[in-house]
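A short write-up of the structure that comes next.
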Amino acid sequence: MSGVRLARAAGAAALFGVIAFAVGFGLARLTADGSVPAATSSAHNARSVAPIAAPPAAPVPDFGDQSPSPDARQLVRWVASSHDNGDADFVVIDKMHAAVYVFDAHARLRGASPVLIGSAVGDDSVAGIGTRPVASVRPAERTTPAGRFVGERGRNAEGEDVVWVDYDAAVSMHRVRLTDPRERRLERLVSPTSADNRISFGCINVPPAFYEAHVRPTFARHKAIVYVLPEVKTLQQVFGSAVLAADGPPRQPVSPRPG
């Protein structure tokens, strides 16, 4: 009898151990809020892992009815493919063809116009030129600098609302000024050639109607990017080698000429 009792006791102990293990295993699988997790399956695991989002597709530039120069087209394609502008609208100034193009953040053209630019050929501003009186700026120093600028609205010394392109160099984009009738600035804007569009001290002059319709609204609430194409340097020198992959071979630089 004592042997049967011992066997039963041993069996009971073994059964108790199995039950305790099962209970402990179940408790260990409780979630943080005390609920029992659902059964795990490969399908459940597949649903619980968030898929990796694909990068946004690069927008396709829309030039509307315009036929920009190869350099301008190449730059816009690079901006669109690289998202260099982030979520900001952007403006392209083509100095060699005296033209401005205003795009929305998705590289869709909003408007284009002839412009007047600095009378001197060159892609850099003279150091400290923004602090000098206008009368002291020599003809060879009247350049419109090339590069990428964060433009924003402001006012110049005369209180005129402008878009500052390079504030330190006092280069802005503004409505065409008619202070000296001998310069014939309006006539230069509508002439069939861009050869006579070099007349300013470095600022970018646009027709008043275009400024009100496209430039001012673009910078009304947010900053926008201004890309000024080079004329002496190459696109690669100014914007980096990645721009060359956007479209076609680079343009050969031109030799400077006196302003």
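Within each chain, counting starts at residue 1; across the structure tokens, chains are named A, B, ... in the order shown, with ligands numbered 1 upward in that order.
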
Exercise for review: Might you pull out every residue within 9 Å of stretch 169-177 of chain A, with only C-alpha atoms counted and same-chain residues fewer than 6 positions away left off, and present them as a PyMOL selection string?
Suggested key: chain A and resi 115-116+125-131+144-145+151+156+160-163+185-186+201-212+215

Could you turn the residues from that selection into a file that holds C-alpha atoms, as a PDB file, in the first residue's frame?
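After the write, again_24.pdb holds the following:
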ATOM      1  CA  VAL A 115      14.794  90.590 -67.752  1.00  0.00           C
ATOM      2  CA  LEU A 116      17.514  93.206 -67.450  1.00  0.00           C
ATOM      3  CA  SER A 125      30.223  89.884 -56.920  1.00  0.00           C
ATOM      4  CA  VAL A 126      33.103  92.029 -55.768  1.00  0.00           C
ATOM      5  CA  ALA A 127      33.754  91.576 -52.056  1.00  0.00           C
ATOM      6  CA  GLY A 128      32.033  94.254 -49.982  1.00  0.00           C
ATOM      7  CA  ILE A 129      30.135  95.734 -52.902  1.00  0.00           C
ATOM      8  CA  GLY A 130      26.860  95.642 -50.976  1.00  0.00           C
ATOM      9  CA  THR A 131      28.122  98.245 -48.502  1.00  0.00           C
ATOM     10  CA  THR A 144      24.770  89.639 -61.512  1.00  0.00           C
ATOM     11  CA  PRO A 145      26.219  86.789 -59.430  1.00  0.00           C
ATOM     12  CA  GLY A 151      15.239  84.699 -51.972  1.00  0.00           C
ATOM     13  CA  ASN A 156      15.560  98.493 -50.387  1.00  0.00           C
ATOM     14  CA  GLU A 160      10.604  99.833 -52.556  1.00  0.00           C
ATOM     15  CA  ASP A 161       9.428  96.264 -52.026  1.00  0.00           C
ATOM     16  CA  VAL A 162      11.876  93.887 -53.703  1.00  0.00           C
ATOM     17  CA  VAL A 163      12.956  90.251 -53.602  1.00  0.00           C
ATOM     18  CA  ARG A 185      14.984 100.081 -70.155  1.00  0.00           C
ATOM     19  CA  LEU A 186      11.441  99.316 -71.292  1.00  0.00           C
ATOM     20  CA  PHE A 201      24.274  97.575 -61.614  1.00  0.00           C
ATOM     21  CA  GLY A 202      23.677  93.870 -60.932  1.00  0.00           C
ATOM     22  CA  CYS A 203      20.030  93.719 -59.932  1.00  0.00           C
ATOM     23  CA  ILE A 204      17.454  91.784 -61.942  1.00  0.00           C
ATOM     24  CA  ASN A 205      14.812  94.077 -63.471  1.00  0.00           C
ATOM     25  CA  VAL A 206      11.499  92.547 -64.578  1.00  0.00           C
ATOM     26  CA  PRO A 207       8.428  94.134 -66.194  1.00  0.00           C
ATOM     27  CA  PRO A 208       6.069  95.556 -63.524  1.00  0.00           C
ATOM     28  CA  ALA A 209       3.125  93.425 -64.684  1.00  0.00           C
ATOM     29  CA  PHE A 210       5.223  90.249 -64.479  1.00  0.00           C
ATOM     30  CA  TYR A 211       6.482  91.212 -61.032  1.00  0.00           C
ATOM     31  CA  GLU A 212       2.935  91.641 -59.745  1.00  0.00           C
ATOM     32  CA  VAL A 215       7.305  87.283 -58.698  1.00  0.00           C
TER      33      VAL A 215
END

Check your understanding: Can you tell me, as a ChimeraX atom specification, what residues are no more than 12 Å from A:Pro217 when counting only C-alpha atoms, ignoring any on the same chain fewer than 3 positions away?
Key -> /A:89-90,102-104,110-111,152-153,162-163,209-214,220-224

Can you spit out the residues from that selection as a short mmCIF file (atom, residue, chain, number, x, y, z; two decimals), in the first residue's frame, using N, CA and C atoms?
data_model
loop_
_atom_site.label_atom_id
_atom_site.label_comp_id
_atom_site.auth_asym_id
_atom_site.auth_seq_id
_atom_site.Cartn_x
_atom_site.Cartn_y
_atom_site.Cartn_z
N ASP A 89 8.81 76.85 -54.08
CA ASP A 89 8.80 77.29 -55.47
C ASP A 89 10.21 77.76 -55.82
N PHE A 90 10.49 77.87 -57.10
CA PHE A 90 11.83 78.34 -57.46
C PHE A 90 11.80 79.15 -58.75
N VAL A 102 9.63 81.27 -63.68
CA VAL A 102 9.10 81.04 -62.34
C VAL A 102 8.38 79.70 -62.33
N PHE A 103 8.79 78.80 -61.41
CA PHE A 103 8.22 77.46 -61.31
C PHE A 103 7.58 77.26 -59.94
N ASP A 104 6.58 76.37 -59.90
CA ASP A 104 6.07 75.97 -58.60
C ASP A 104 6.98 74.87 -58.05
N ARG A 110 5.15 78.65 -64.16
CA ARG A 110 4.07 79.60 -63.91
C ARG A 110 4.15 80.81 -64.83
N GLY A 111 5.35 81.19 -65.19
CA GLY A 111 5.49 82.35 -66.05
C GLY A 111 6.93 82.56 -66.46
N GLU A 152 13.96 86.20 -50.59
CA GLU A 152 12.82 86.57 -49.76
C GLU A 152 12.50 88.05 -49.95
N ARG A 153 11.26 88.38 -49.67
CA ARG A 153 10.81 89.76 -49.86
C ARG A 153 11.43 90.69 -48.82
N VAL A 162 11.05 94.64 -52.76
CA VAL A 162 11.88 93.89 -53.70
C VAL A 162 11.98 92.45 -53.21
N VAL A 163 12.57 91.60 -54.03
CA VAL A 163 12.96 90.25 -53.60
C VAL A 163 14.48 90.23 -53.51
N ALA A 209 4.27 94.34 -64.65
CA ALA A 209 3.13 93.42 -64.68
C ALA A 209 3.55 92.01 -64.33
N PHE A 210 4.73 91.59 -64.80
CA PHE A 210 5.22 90.25 -64.48
C PHE A 210 5.58 90.15 -63.00
N TYR A 211 6.15 91.21 -62.46
CA TYR A 211 6.48 91.21 -61.03
C TYR A 211 5.22 91.02 -60.19
N GLU A 212 4.17 91.73 -60.52
CA GLU A 212 2.94 91.64 -59.75
C GLU A 212 2.24 90.30 -59.94
N ALA A 213 2.29 89.76 -61.14
CA ALA A 213 1.56 88.53 -61.44
C ALA A 213 2.29 87.27 -60.98
N HIS A 214 3.63 87.28 -61.00
CA HIS A 214 4.36 86.04 -60.75
C HIS A 214 5.42 86.14 -59.65
N ALA A 220 5.34 85.85 -51.58
CA ALA A 220 4.44 86.58 -50.69
C ALA A 220 4.43 86.01 -49.27
N ARG A 221 4.39 84.68 -49.14
CA ARG A 221 4.25 84.07 -47.82
C ARG A 221 5.48 83.28 -47.40
N HIS A 222 6.21 82.77 -48.37
CA HIS A 222 7.34 81.91 -48.05
C HIS A 222 8.56 82.33 -48.88
N LYS A 223 9.71 81.89 -48.43
CA LYS A 223 10.91 82.07 -49.22
C LYS A 223 10.88 81.10 -50.40
N ALA A 224 11.59 81.43 -51.45
CA ALA A 224 11.70 80.56 -52.62
C ALA A 224 13.16 80.56 -53.05
#

Review point. Which value, in Å to one decimal, gives the distance between atom CA of A:Ala112 and atom CA of A:Trp164?
Key: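 Pair atom CA of A:Ala112 / atom CA of A:Trp164 returns 18.9 Å.
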
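With only C-alpha atoms as the atoms that count, the residue of A:Pro181, A:Gly147, A:Pro114, A:Gly86 with the shortest distance to A:Ala99 is A:Pro114.
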
Exercise for review: Take atom CA of A:Pro59 and atom CA of A:Ser82 and report the distance between them in Å, one decimal.
Suggested key: 9.8 Å

Exercise for review: One decimal, Å: what's the distance from atom CA of A:Leu235 over to atom CA of A:Leu189, could you say?
Suggested key: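 Taking atom CA of A:Leu235 as the start and atom CA of A:Leu189 as the end point, the length is 25.6 Å.
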
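Each of A:Arg132, A:Pro139, A:Leu229, A:Leu109 was compared to A:Pro70 using only C-alpha atoms, and A:Leu229 turns out to be the nearest.
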
Check your understanding: Which is closer to A:Ser200 than all the others in A:Val91, A:Ala146, A:Ala98, A:Ala72, using only C-alpha atoms?
Key ->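 Among the listed residues, A:Ala98 lies closest to A:Ser200.
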
**Study point:** Expected answer as a count of residues only: helix (DSSP H, G or I) residues in stretch 24-255 of chain A
**Key:** 64

Review point. What are the DSSP strand (DSSP E or B) residues of stretch 65-217 of chain A, as a PyMOL selection string?
Key: chain A and resi 90-94+99-103+108-114+116-118+147-155+161-166+171-175+198-200+204-206

Take the selection from the previous step and output its residues with C-alpha atoms, as a compact mmCIF listing (two decimals), in the first residue's frame.
# COMPACT_ATOMS: atom_id res chain seq x y z
CA PHE A 90 11.83 78.34 -57.46
CA VAL A 91 13.00 80.88 -60.01
CA VAL A 92 15.61 80.43 -62.73
CA ILE A 93 17.51 83.40 -64.14
CA ASP A 94 19.21 82.71 -67.46
CA ALA A 99 15.23 85.51 -69.21
CA VAL A 100 13.46 84.56 -65.99
CA TYR A 101 11.35 81.45 -65.38
CA VAL A 102 9.10 81.04 -62.34
CA PHE A 103 8.22 77.46 -61.31
CA ARG A 108 5.65 73.42 -63.40
CA LEU A 109 6.18 76.71 -65.17
CA ARG A 110 4.07 79.60 -63.91
CA GLY A 111 5.49 82.35 -66.05
CA ALA A 112 8.46 83.56 -68.08
CA SER A 113 9.71 86.97 -69.10
CA PRO A 114 12.70 88.89 -70.42
CA LEU A 116 17.51 93.21 -67.45
CA ILE A 117 20.70 92.17 -65.67
CA GLY A 118 24.09 93.55 -64.68
CA GLY A 147 24.50 80.53 -57.86
CA ARG A 148 21.76 79.18 -55.64
CA PHE A 149 20.12 81.76 -53.40
CA VAL A 150 17.27 81.70 -50.90
CA GLY A 151 15.24 84.70 -51.97
CA GLU A 152 12.82 86.57 -49.76
CA ARG A 153 10.81 89.76 -49.86
CA GLY A 154 12.13 92.94 -48.33
CA ARG A 155 12.63 96.63 -48.96
CA ASP A 161 9.43 96.26 -52.03
CA VAL A 162 11.88 93.89 -53.70
CA VAL A 163 12.96 90.25 -53.60
CA TRP A 164 16.43 89.98 -52.13
CA VAL A 165 18.50 87.48 -54.09
CA ASP A 166 21.91 88.14 -52.52
CA VAL A 171 21.43 92.22 -55.48
CA SER A 172 17.65 92.09 -55.72
CA MET A 173 14.90 91.32 -58.21
CA HIS A 174 12.48 94.20 -58.68
CA ARG A 175 10.29 96.06 -61.12
CA ARG A 198 22.65 94.28 -69.85
CA ILE A 199 22.14 97.66 -68.22
CA SER A 200 21.75 97.36 -64.43
CA ILE A 204 17.45 91.78 -61.94
CA ASN A 205 14.81 94.08 -63.47
CA VAL A 206 11.50 92.55 -64.58
